[in-house]
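K.L.:
Please find one structure pasted underneath; my questions will follow.
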Amino acid sequence: MANEMQLNNISENNFEQCLKCSICTVYCPVSAVNPAYPGPKQSGPDGERYRLKNPEFFNDALKMCLNCKRCEVACPSGVNVGDIIQKARMKHNTHSPKLRDMMLANTDFVGSMATVVAPVANFAVSLGVSKAVLHSVMKIDKHRTFPAYASQKFETWFKRNAQAQQSKYSKHVSFFHGCYVNYNFPQLGKDLVKIMNACGYGVHLLDKEKCCGTALIANGLYDQAKRQGETNMSSMRSAIAKGRTIVTTSSTCTFTMRDEYHHLLDVDNHDVRDHITLATRFLFQLIDEGKLKLAFRDDYKKRVAYHTACHMERMGWAIYSTSLLKMIPGLDLVMLDSQCCGISGTYGFKTENYETSQKIGDSLFKNIADANVEAVATDCETCKWQIEMSTGVPVLNPISIIADAIDVEKTIELNKNR
Amino acid sequence: MKFNTVIMGGGLSGLTCGIALAQAGQRVAIVATGQSSLHFASGSFDLLGYDSEGKAVENPVEAINALPESHPYKKVGDVEKLTAQAQDLLAAAGIKTTGKAGKNHNRLTPLGAVKPTWLTMEDYITIDGDKINYKQVALMNIIGYLDFPTKFIADGLRKLGAEVEVKPITLPELNEARKSPTEMRATNIAKVLASEAIVKRLASEINAKASNAEAILLPAVLGIKNSELAQLLKEQVNKPIHFVATIPPSVPGTRMQALLRKRFEALGGTFLNGDKAVKGEISGTKLNSIETEKLVGTRLEADNFVLATGSFMGRGIVSDYEKVYEPVLGADVDFIADRAQWTRDNVWEAQPYMEFGVKTDAQLHVMKQGKPLSNTYAAGQVLSGNNKVKLASGEGVDMLTALTVANNILNK
């Protein structure tokens with residue numbers, strides 16, 4: 001009886017397992033540079049004990065949390081420290097999101113509008129005067145370089161140029177491209193199609209894709225995030241019913257849909273979660289099982305440093321991307337110490353966070369400068385913006401590196417009869 | 001994914017074993033569930049501080065002979081050779097220590113007590129016998145730092161024959177750090193004292209407050225990544241300066257974790273941070289592969305496996321109301337069936353549960369259902385038969401059993 005009670009009495013987010021060892025705070029990137037933030041132990045399990053008694057104990061300092069989850073990676077006791085903090089924000093925060101937060105969060109809406117007028121939009125946000133207005137009125141920091149909008153959405157390109165050929169393959173995957181591929185960098189989506197097709201897989205869009213919602217969660221728009229999550233899960237269910245795995249190229253979208261939907265938004269994803277995977281993991285696992293082979297160009301040569309994005313670290317999947325990259329004979333791969341770059345999605349775009357954001361990334365930027373590389377590889381698009389702006393070194397998704405290095409003809413030949 | 005050896009556990013024993021194997025050319029992966037108990041490290045390494053009767057040990061190498069046959073040290077072979085190998089391994093990772101296996105010295109605890117130990121990181125205060133080398137010391141502490149009870153430490157130092165003056169010091173940046181007073185911990189202070197410029201200003205502050213002291217003692221709050229800044233401080237302060245261990249989280253421990261991992265990775269090792277071995281696939285007496293929580297659908301295959309998952313705190317062994325068990329492989333565990341006998345009422349007495357752990361044969365093979373698993377070994381605190389608190393033997397057992405396992409694997 002006592003044993004049954006002990007085994008079944010597990011609190012939400014493993015909150016009661018906290019031993020107060022403070023190891024989470026040792027690895028918190030924010031408390032390292034901003035003493036006003038009380039750190040994950042205090043904001044998470046410690047504060048939760050008080051908040052359970054009286055919500056008045058909720059503290060606005062919790063919004064300084066990046067949601068990087070490095071506290072959860074560090075915790076020896078399996079406490080979901082970051083989730084406790086996010087849940088507390090969802091439950092107790094009474095401030096409604098500002099116009100700025102809504103704009104930063106609504107990547108779908110803003111992206112759709114901006115791609116229509118891409119050249120004008122890109123030009124306008126690059127102007128000093130626009131940046132000054134954004135900085136002073138909107139509190140979007142003037143130091144930031146806005147990610148450029150593409151003039152043609154990935155979906156438009158795909159429907160016009162690739163969709164028709166996809167049915168000729170015998171194996172198929174669905175691609176959750178995310179906002180970044182769709183509005184800012186369609187080339188990454190094209191790179192994925194190139195690799196998958198060479199490996200004998202047809203690529204398909206989902207019936208209906210919505211932004212994964214990570215920026216909505218960060219900016220307090222939880223109801224909208226939940227609605228979008230439900231749309232995505234239902235689209236994915238119909239793809240899974242056709243026997244397709246859902247591949248992605250963004251570590252944060254993947255993490256959000258696999259873990260945050262269930263942990264934070266109460267979106268039921270139990271039947272979908274294991275079918276969502278990063279494209280690098282999908283490819284590596286097939287190769288590891290002997291079901292796929294990649295051939296690479298003889299003349300490919302590059303020195304690249306790998307940066308482990310926070311949500312990649314939380315998923316524990318960096319090993320997949322790096323193992324895949326190490327298969328490229330001409331690639332000289334340098335591992336950077338795993339640490340937060342400081343941007344954390346929309347966090348670093350906000351004027352009040354700019355300084356913290358850059359201080360967090362400082363030692364990473366130094367490591368990149370010392371590594372003497374031609375490019376940095378990472379699975380996260382917002383890390384890309386931060387690292388490119390702060391170091392000037394170009395940042396590539398591992399999928400783009402593979403697409404560049406792959407020998408398409410030979411790869412098709414190798415996988416023909418598999 | 002295939003490796004020569006897969007190690008479960010990324011603390012002192014897992015990393016020691018991993019480094020030794022990678023050094024010998026093996027392809028090694030470590031699966032590390034969260035951060036390790038190195039974060040509570042004192043800055044010293046104990047080999048055997050007390051014998052079974054609780055008497056302080058002068059020569060651990062000799063005293064080990066008198067331990068009962070059930071103690072893990074009885075399975076490690078040549079203690080002197082292994083201790084030298086352990087000290088070299090630490091030095092190669094950037095962790096320089098003083099001390100030797102044949103003669104314990106004393107360390108100063110954060111509460112001012114004196115305890116026998118084997119190795120101490122350089123720059124730490126050590127004590128030979130019951131006298132400190134200095135007649136007059138300035139014990140400095142940072143204003144607002146509460147994990148360093150200066151009164152206890154000063155009392156301890158006075159018992160060792162020193163005159164002690166306690167001096168509070170600070171810098172504007174350290175005052176700023178007090179905005180979150182509960183988080184004014186050693187590791188957070190180390191993150192503030194993280195540049196050459198600020199360490200130089202700290203040195204000026206120390207020099208200004210040193211008055212006529214012969215030597216300065218400072219809490220260990222410097223150098224979370226490596227020992228460079230501690231070195232710089234030593235050069236800048238114009239009197240001998242030594243660190244004193246603090247209440248955790250431990251700066252030298254965090255540094256050790258970082259340096260050992262760096263060394264392991266530099267040797268080509270794969271460190272799977274924040275992942276967890278959940279089960280093993282065993283056929284007969286051989287472990288073929290393990291599965292982890294994060295790498296769903298990818299089995300980690302290896303010729304040999306090492307269980308270095310720690311004791312209760314690391315969850316290498318787990319208890320419920322009826323039993324104590326090993327959660328990954330279901331290995332045999334030594335424990336007392338009667339739960340009432342697990343603990344003693346007097347908290348200062350040796351607690352029987354401290355000796356619970358995984359059963360092994362003479363070569364440290366893990367036992368399962370009474371038979372040894374031919375390619376699976378255990379190292380460190382997961383092993384049964386060691387009460388590391390009572391014997392002051394934690395780090396020695398971690399490192400010596402890890403090196404023995406590495407040798408047993410390599411000599412197969």
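Letters for chains follow the order of the structure tokens (A, B, ...), residue numbers begin at 1 for each chain, and ligand numbers begin at 1 in the order shown.
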List the neighbours of Val408 in chain A out to 10 Å using only C-alpha atoms; skip same-chain residues closer than 6 positions along the sequence, and give me the result as JSON, numbers by chain.

P.N.:
{"A": [194, 195, 197, 198, 199, 294, 295, 296, 297, 414]}

K.L.:
Write to file, as an mmCIF file, in the first residue's frame, the residues of the selection just made, with N, CA and C atoms.

P.N.:
data_model
loop_
_atom_site.group_PDB
_atom_site.id
_atom_site.type_symbol
_atom_site.label_atom_id
_atom_site.label_comp_id
_atom_site.auth_asym_id
_atom_site.auth_seq_id
_atom_site.Cartn_x
_atom_site.Cartn_y
_atom_site.Cartn_z
ATOM 1 N N LYS A 194 15.856 18.339 -52.118
ATOM 2 C CA LYS A 194 16.951 17.788 -52.930
ATOM 3 C C LYS A 194 17.511 16.501 -52.300
ATOM 4 N N ILE A 195 17.772 16.546 -50.970
ATOM 5 C CA ILE A 195 18.351 15.374 -50.296
ATOM 6 C C ILE A 195 17.355 14.219 -50.272
ATOM 7 N N ASN A 197 14.755 13.581 -52.103
ATOM 8 C CA ASN A 197 14.528 13.027 -53.442
ATOM 9 C C ASN A 197 15.705 12.147 -53.873
ATOM 10 N N ALA A 198 16.919 12.607 -53.605
ATOM 11 C CA ALA A 198 18.098 11.810 -53.967
ATOM 12 C C ALA A 198 18.097 10.469 -53.227
ATOM 13 N N CYS A 199 17.540 10.465 -52.012
ATOM 14 C CA CYS A 199 17.485 9.235 -51.216
ATOM 15 C C CYS A 199 16.273 8.367 -51.566
ATOM 16 N N LEU A 294 24.555 7.593 -48.256
ATOM 17 C CA LEU A 294 24.771 8.889 -48.891
ATOM 18 C C LEU A 294 26.138 8.880 -49.557
ATOM 19 N N ALA A 295 26.220 9.475 -50.756
ATOM 20 C CA ALA A 295 27.522 9.644 -51.406
ATOM 21 C C ALA A 295 27.815 11.142 -51.464
ATOM 22 N N PHE A 296 29.071 11.488 -51.227
ATOM 23 C CA PHE A 296 29.423 12.905 -51.205
ATOM 24 C C PHE A 296 30.416 13.250 -52.307
ATOM 25 N N ARG A 297 30.387 14.512 -52.696
ATOM 26 C CA ARG A 297 31.301 15.002 -53.748
ATOM 27 C C ARG A 297 32.753 14.896 -53.280
ATOM 28 N N LEU A 414 23.025 4.575 -55.401
ATOM 29 C CA LEU A 414 23.236 3.732 -54.202
ATOM 30 C C LEU A 414 21.928 3.276 -53.574
#

K.L.:
Quick check: residues of chain B within 9 Å of chain A, only C-alpha atoms, returned as number ranges by chain.

P.N.:
B: 1, 33-37, 39-40, 176-183, 185, 187-189, 191-192, 248-249, 254, 262, 270, 272-275, 294-298, 313-315, 320-322

K.L.:
Would you put the residues from that selection into a file with N, CA and C atoms, as a compact mmCIF listing (two decimals), in the first residue's frame?

P.N.:
# COMPACT_ATOMS: atom_id res chain seq x y z
N MET B 1 24.04 2.87 -33.06
CA MET B 1 25.36 3.49 -32.92
C MET B 1 26.29 2.52 -32.21
N THR B 33 23.17 11.41 -17.04
CA THR B 33 21.84 11.90 -16.62
C THR B 33 22.00 13.12 -15.76
N GLY B 34 21.88 14.29 -16.33
CA GLY B 34 22.02 15.51 -15.53
C GLY B 34 23.44 15.66 -15.02
N GLN B 35 23.67 16.71 -14.27
CA GLN B 35 25.03 16.96 -13.78
C GLN B 35 25.30 16.10 -12.55
N SER B 36 26.60 15.96 -12.23
CA SER B 36 27.00 14.95 -11.26
C SER B 36 27.29 15.53 -9.87
N SER B 37 27.61 14.63 -8.96
CA SER B 37 27.91 15.06 -7.59
C SER B 37 29.28 15.74 -7.50
N HIS B 39 29.67 18.49 -8.42
CA HIS B 39 29.28 19.86 -8.07
C HIS B 39 29.22 20.10 -6.57
N PHE B 40 29.44 19.03 -5.79
CA PHE B 40 29.51 19.18 -4.33
C PHE B 40 30.94 18.95 -3.84
N GLU B 176 26.27 44.47 -6.82
CA GLU B 176 25.20 44.35 -7.81
C GLU B 176 24.62 42.93 -7.79
N ALA B 177 25.50 41.94 -7.63
CA ALA B 177 25.07 40.54 -7.62
C ALA B 177 24.14 40.24 -6.44
N ARG B 178 24.12 41.11 -5.44
CA ARG B 178 23.28 40.88 -4.27
C ARG B 178 21.81 41.20 -4.52
N LYS B 179 21.52 41.65 -5.75
CA LYS B 179 20.11 41.89 -6.10
C LYS B 179 19.25 40.65 -5.89
N SER B 180 19.83 39.49 -6.14
CA SER B 180 19.14 38.24 -5.81
C SER B 180 19.90 37.61 -4.65
N PRO B 181 19.63 38.06 -3.42
CA PRO B 181 20.50 37.67 -2.29
C PRO B 181 20.54 36.17 -2.04
N THR B 182 19.44 35.47 -2.33
CA THR B 182 19.46 34.03 -2.08
C THR B 182 20.36 33.32 -3.09
N GLU B 183 20.65 33.98 -4.19
CA GLU B 183 21.46 33.34 -5.24
C GLU B 183 22.92 33.79 -5.19
N ARG B 185 25.63 32.67 -4.45
CA ARG B 185 26.28 31.39 -4.19
C ARG B 185 27.66 31.39 -4.85
N THR B 187 29.09 29.66 -7.15
CA THR B 187 29.16 29.60 -8.61
C THR B 187 28.69 30.90 -9.25
N ASN B 188 27.66 31.54 -8.66
CA ASN B 188 27.22 32.83 -9.22
C ASN B 188 28.28 33.91 -9.02
N ILE B 189 28.97 33.87 -7.88
CA ILE B 189 30.05 34.84 -7.65
C ILE B 189 31.17 34.61 -8.67
N LYS B 191 30.86 33.61 -11.61
CA LYS B 191 30.45 34.15 -12.90
C LYS B 191 30.62 35.66 -12.96
N VAL B 192 30.56 36.32 -11.79
CA VAL B 192 30.81 37.76 -11.75
C VAL B 192 32.32 38.02 -11.84
N PRO B 248 28.39 23.90 -1.07
CA PRO B 248 28.06 23.80 -2.50
C PRO B 248 26.93 24.75 -2.92
N PRO B 249 26.76 24.96 -4.26
CA PRO B 249 27.50 24.37 -5.37
C PRO B 249 28.97 24.80 -5.39
N THR B 254 32.62 22.23 -10.19
CA THR B 254 32.07 22.56 -11.51
C THR B 254 33.19 22.63 -12.53
N LYS B 262 35.92 17.99 -21.06
CA LYS B 262 36.69 18.55 -22.18
C LYS B 262 37.80 17.58 -22.60
N THR B 270 32.44 10.61 -26.92
CA THR B 270 31.10 11.18 -27.16
C THR B 270 30.39 11.31 -25.82
N LEU B 272 27.00 12.23 -24.06
CA LEU B 272 25.58 12.47 -24.27
C LEU B 272 25.01 13.11 -23.01
N ASN B 273 24.96 14.44 -23.03
CA ASN B 273 24.62 15.21 -21.84
C ASN B 273 23.11 15.25 -21.62
N GLY B 274 22.69 14.97 -20.39
CA GLY B 274 21.27 15.09 -20.07
C GLY B 274 20.43 13.96 -20.64
N ASP B 275 21.05 12.88 -21.02
CA ASP B 275 20.29 11.70 -21.47
C ASP B 275 20.40 10.64 -20.37
N LYS B 294 16.36 9.68 -24.59
CA LYS B 294 16.27 10.66 -25.67
C LYS B 294 16.45 10.05 -27.06
N LEU B 295 17.33 9.05 -27.17
CA LEU B 295 17.66 8.52 -28.50
C LEU B 295 16.72 7.36 -28.85
N VAL B 296 15.43 7.66 -28.83
CA VAL B 296 14.43 6.63 -29.11
C VAL B 296 14.65 6.10 -30.53
N GLY B 297 14.69 4.77 -30.65
CA GLY B 297 14.89 4.18 -31.97
C GLY B 297 16.35 3.99 -32.33
N THR B 298 17.27 4.43 -31.46
CA THR B 298 18.70 4.23 -31.72
C THR B 298 19.27 3.46 -30.53
N MET B 313 21.77 9.18 -4.65
CA MET B 313 21.57 10.53 -5.17
C MET B 313 21.66 10.59 -6.69
N GLY B 314 22.57 9.83 -7.26
CA GLY B 314 22.68 9.77 -8.71
C GLY B 314 21.65 8.83 -9.32
N ARG B 315 20.90 8.17 -8.48
CA ARG B 315 19.87 7.21 -8.88
C ARG B 315 20.44 5.97 -9.59
N ASP B 320 12.44 1.59 -2.70
CA ASP B 320 11.04 1.86 -2.41
C ASP B 320 10.76 1.27 -1.03
N TYR B 321 9.51 1.06 -0.67
CA TYR B 321 9.24 0.62 0.69
C TYR B 321 9.67 -0.84 0.93
N GLU B 322 9.88 -1.58 -0.13
CA GLU B 322 10.16 -3.01 0.05
C GLU B 322 11.59 -3.42 -0.26

K.L.:
Quick check for you: according to DSSP on this backbone, which residues of range 77-280 of chain A are classed as strand (DSSP E)? Reply as a PDB file with N, CA and C atoms, in the first residue's frame.

P.N.:
ATOM      1  N   LYS A 171       8.783   5.908 -51.579  1.00  0.00           N
ATOM      2  CA  LYS A 171       8.674   6.169 -50.136  1.00  0.00           C
ATOM      3  C   LYS A 171       8.400   7.662 -49.945  1.00  0.00           C
ATOM      4  N   HIS A 172       7.739   7.993 -48.844  1.00  0.00           N
ATOM      5  CA  HIS A 172       7.297   9.384 -48.695  1.00  0.00           C
ATOM      6  C   HIS A 172       7.449   9.911 -47.275  1.00  0.00           C
ATOM      7  N   VAL A 173       7.734  11.215 -47.200  1.00  0.00           N
ATOM      8  CA  VAL A 173       7.713  11.897 -45.899  1.00  0.00           C
ATOM      9  C   VAL A 173       6.894  13.175 -46.035  1.00  0.00           C
ATOM     10  N   SER A 174       6.378  13.658 -44.890  1.00  0.00           N
ATOM     11  CA  SER A 174       5.767  14.986 -44.884  1.00  0.00           C
ATOM     12  C   SER A 174       6.759  15.954 -44.256  1.00  0.00           C
ATOM     13  N   PHE A 175       6.740  17.184 -44.733  1.00  0.00           N
ATOM     14  CA  PHE A 175       7.717  18.172 -44.270  1.00  0.00           C
ATOM     15  C   PHE A 175       6.988  19.300 -43.544  1.00  0.00           C
ATOM     16  N   PHE A 176       7.285  19.451 -42.248  1.00  0.00           N
ATOM     17  CA  PHE A 176       6.822  20.646 -41.526  1.00  0.00           C
ATOM     18  C   PHE A 176       7.933  21.680 -41.704  1.00  0.00           C
ATOM     19  N   TYR A 201      12.995   9.455 -51.478  1.00  0.00           N
ATOM     20  CA  TYR A 201      11.787   9.824 -50.742  1.00  0.00           C
ATOM     21  C   TYR A 201      11.082  11.000 -51.402  1.00  0.00           C
ATOM     22  N   GLY A 202       9.778  10.878 -51.619  1.00  0.00           N
ATOM     23  CA  GLY A 202       8.970  12.012 -52.035  1.00  0.00           C
ATOM     24  C   GLY A 202       8.662  12.876 -50.830  1.00  0.00           C
ATOM     25  N   VAL A 203       8.598  14.203 -51.056  1.00  0.00           N
ATOM     26  CA  VAL A 203       8.338  15.140 -49.962  1.00  0.00           C
ATOM     27  C   VAL A 203       6.970  15.779 -50.168  1.00  0.00           C
ATOM     28  N   HIS A 204       6.215  15.894 -49.076  1.00  0.00           N
ATOM     29  CA  HIS A 204       4.865  16.456 -49.182  1.00  0.00           C
ATOM     30  C   HIS A 204       4.633  17.514 -48.120  1.00  0.00           C
ATOM     31  N   LEU A 205       3.835  18.516 -48.462  1.00  0.00           N
ATOM     32  CA  LEU A 205       3.426  19.501 -47.458  1.00  0.00           C
ATOM     33  C   LEU A 205       2.311  18.875 -46.617  1.00  0.00           C
ATOM     34  N   THR A 245       6.416   9.769 -42.103  1.00  0.00           N
ATOM     35  CA  THR A 245       7.072  10.438 -40.975  1.00  0.00           C
ATOM     36  C   THR A 245       7.028  11.936 -41.250  1.00  0.00           C
ATOM     37  N   ILE A 246       6.934  12.753 -40.186  1.00  0.00           N
ATOM     38  CA  ILE A 246       6.975  14.207 -40.379  1.00  0.00           C
ATOM     39  C   ILE A 246       8.387  14.686 -40.077  1.00  0.00           C
ATOM     40  N   VAL A 247       9.065  15.170 -41.106  1.00  0.00           N
ATOM     41  CA  VAL A 247      10.435  15.654 -40.899  1.00  0.00           C
ATOM     42  C   VAL A 247      10.429  17.171 -40.801  1.00  0.00           C
ATOM     43  N   THR A 248      11.420  17.685 -40.069  1.00  0.00           N
ATOM     44  CA  THR A 248      11.552  19.124 -39.850  1.00  0.00           C
ATOM     45  C   THR A 248      13.012  19.517 -40.018  1.00  0.00           C
ATOM     46  N   ILE A 276       7.270  12.796 -35.238  1.00  0.00           N
ATOM     47  CA  ILE A 276       7.895  14.072 -35.627  1.00  0.00           C
ATOM     48  C   ILE A 276       9.394  13.954 -35.368  1.00  0.00           C
ATOM     49  N   THR A 277      10.188  14.201 -36.375  1.00  0.00           N
ATOM     50  CA  THR A 277      11.638  14.061 -36.175  1.00  0.00           C
ATOM     51  C   THR A 277      12.399  15.074 -37.016  1.00  0.00           C
ATOM     52  N   LEU A 278      13.587  15.405 -36.547  1.00  0.00           N
ATOM     53  CA  LEU A 278      14.449  16.259 -37.359  1.00  0.00           C
ATOM     54  C   LEU A 278      14.934  15.462 -38.563  1.00  0.00           C
TER      55      LEU A 278
END

K.L.:
Of the candidates B:Ala93, B:Ile125, B:Leu119, B:Ala113, which shows the shortest atom-to-atom distance to Lys159 in chain B, using only C-alpha atoms?

P.N.:
B:Ala113

K.L.:
Contacts of Asn184 in chain A at 10 Å or less, counting only C-alpha atoms, minus same-chain residues fewer than 6 places along, as a VMD selection string?

P.N.:
chain A and resid 111 114 to 115 118 147 to 154 381

K.L.:
Write out as a PyMOL selection string each polymer residue whose atoms come within 12 Å of Lys366 in chain A, counting only C-alpha atoms; drop sequence neighbours fewer than 3 positions from it.

P.N.:
chain A and resi 336-337+341+358-363+369-372+387+390-393

K.L.:
Let's have the selection written as a PDB file, in the first residue's frame, with N, CA and C atoms.

P.N.:
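Result file follows (result27.pdb):
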ATOM      1  N   LEU A 336      31.810  23.199 -30.805  1.00  0.00           N
ATOM      2  CA  LEU A 336      31.845  24.320 -29.858  1.00  0.00           C
ATOM      3  C   LEU A 336      31.248  23.837 -28.536  1.00  0.00           C
ATOM      4  N   ASP A 337      31.702  24.418 -27.419  1.00  0.00           N
ATOM      5  CA  ASP A 337      31.090  24.073 -26.127  1.00  0.00           C
ATOM      6  C   ASP A 337      29.609  24.412 -26.208  1.00  0.00           C
ATOM      7  N   CYS A 341      23.191  30.965 -27.092  1.00  0.00           N
ATOM      8  CA  CYS A 341      23.712  32.100 -27.865  1.00  0.00           C
ATOM      9  C   CYS A 341      23.095  33.407 -27.406  1.00  0.00           C
ATOM     10  N   GLN A 358      23.204  39.760 -25.486  1.00  0.00           N
ATOM     11  CA  GLN A 358      24.569  39.783 -26.038  1.00  0.00           C
ATOM     12  C   GLN A 358      25.596  39.298 -25.021  1.00  0.00           C
ATOM     13  N   LYS A 359      25.356  39.600 -23.742  1.00  0.00           N
ATOM     14  CA  LYS A 359      26.289  39.131 -22.704  1.00  0.00           C
ATOM     15  C   LYS A 359      26.266  37.609 -22.610  1.00  0.00           C
ATOM     16  N   ILE A 360      25.073  37.023 -22.741  1.00  0.00           N
ATOM     17  CA  ILE A 360      24.964  35.572 -22.665  1.00  0.00           C
ATOM     18  C   ILE A 360      25.785  34.932 -23.780  1.00  0.00           C
ATOM     19  N   GLY A 361      25.679  35.503 -24.977  1.00  0.00           N
ATOM     20  CA  GLY A 361      26.349  34.893 -26.129  1.00  0.00           C
ATOM     21  C   GLY A 361      27.835  35.195 -26.223  1.00  0.00           C
ATOM     22  N   ASP A 362      28.298  36.146 -25.408  1.00  0.00           N
ATOM     23  CA  ASP A 362      29.662  36.653 -25.563  1.00  0.00           C
ATOM     24  C   ASP A 362      30.747  35.573 -25.690  1.00  0.00           C
ATOM     25  N   SER A 363      30.746  34.588 -24.779  1.00  0.00           N
ATOM     26  CA  SER A 363      31.841  33.607 -24.829  1.00  0.00           C
ATOM     27  C   SER A 363      31.693  32.678 -26.034  1.00  0.00           C
ATOM     28  N   ALA A 369      35.064  32.929 -33.049  1.00  0.00           N
ATOM     29  CA  ALA A 369      36.160  33.701 -33.646  1.00  0.00           C
ATOM     30  C   ALA A 369      37.474  32.913 -33.560  1.00  0.00           C
ATOM     31  N   ASP A 370      37.701  32.242 -32.428  1.00  0.00           N
ATOM     32  CA  ASP A 370      38.943  31.485 -32.238  1.00  0.00           C
ATOM     33  C   ASP A 370      38.981  30.209 -33.076  1.00  0.00           C
ATOM     34  N   ALA A 371      37.807  29.699 -33.450  1.00  0.00           N
ATOM     35  CA  ALA A 371      37.769  28.400 -34.143  1.00  0.00           C
ATOM     36  C   ALA A 371      38.260  28.502 -35.583  1.00  0.00           C
ATOM     37  N   ASN A 372      38.294  29.715 -36.110  1.00  0.00           N
ATOM     38  CA  ASN A 372      38.832  29.929 -37.451  1.00  0.00           C
ATOM     39  C   ASN A 372      38.147  29.035 -38.490  1.00  0.00           C
ATOM     40  N   ILE A 387      24.100  34.591 -34.264  1.00  0.00           N
ATOM     41  CA  ILE A 387      25.523  34.333 -34.501  1.00  0.00           C
ATOM     42  C   ILE A 387      26.016  35.135 -35.714  1.00  0.00           C
ATOM     43  N   SER A 390      26.338  38.753 -34.646  1.00  0.00           N
ATOM     44  CA  SER A 390      27.340  39.037 -33.621  1.00  0.00           C
ATOM     45  C   SER A 390      28.757  38.634 -34.006  1.00  0.00           C
ATOM     46  N   THR A 391      28.907  37.757 -35.004  1.00  0.00           N
ATOM     47  CA  THR A 391      30.261  37.311 -35.375  1.00  0.00           C
ATOM     48  C   THR A 391      30.596  37.569 -36.839  1.00  0.00           C
ATOM     49  N   GLY A 392      29.590  37.755 -37.678  1.00  0.00           N
ATOM     50  CA  GLY A 392      29.846  37.906 -39.106  1.00  0.00           C
ATOM     51  C   GLY A 392      30.139  36.587 -39.815  1.00  0.00           C
ATOM     52  N   VAL A 393      30.184  35.493 -39.062  1.00  0.00           N
ATOM     53  CA  VAL A 393      30.443  34.183 -39.681  1.00  0.00           C
ATOM     54  C   VAL A 393      29.109  33.617 -40.195  1.00  0.00           C
TER      55      VAL A 393
END

K.L.:
How many Å lie between CA of Leu157 in chain B and CA of Thr246 in chain B, rounded to one decimal?

P.N.:
15.1 Å

K.L.:
Thr252 in chain A: which residues within 8 Å, counting only C-alpha atoms, same-chain residues fewer than 5 positions away excluded, as a list in words?

P.N.:
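So, after excluding close chain neighbours, the residues are Thr214, His311, Met312 and Cys380 of chain A.
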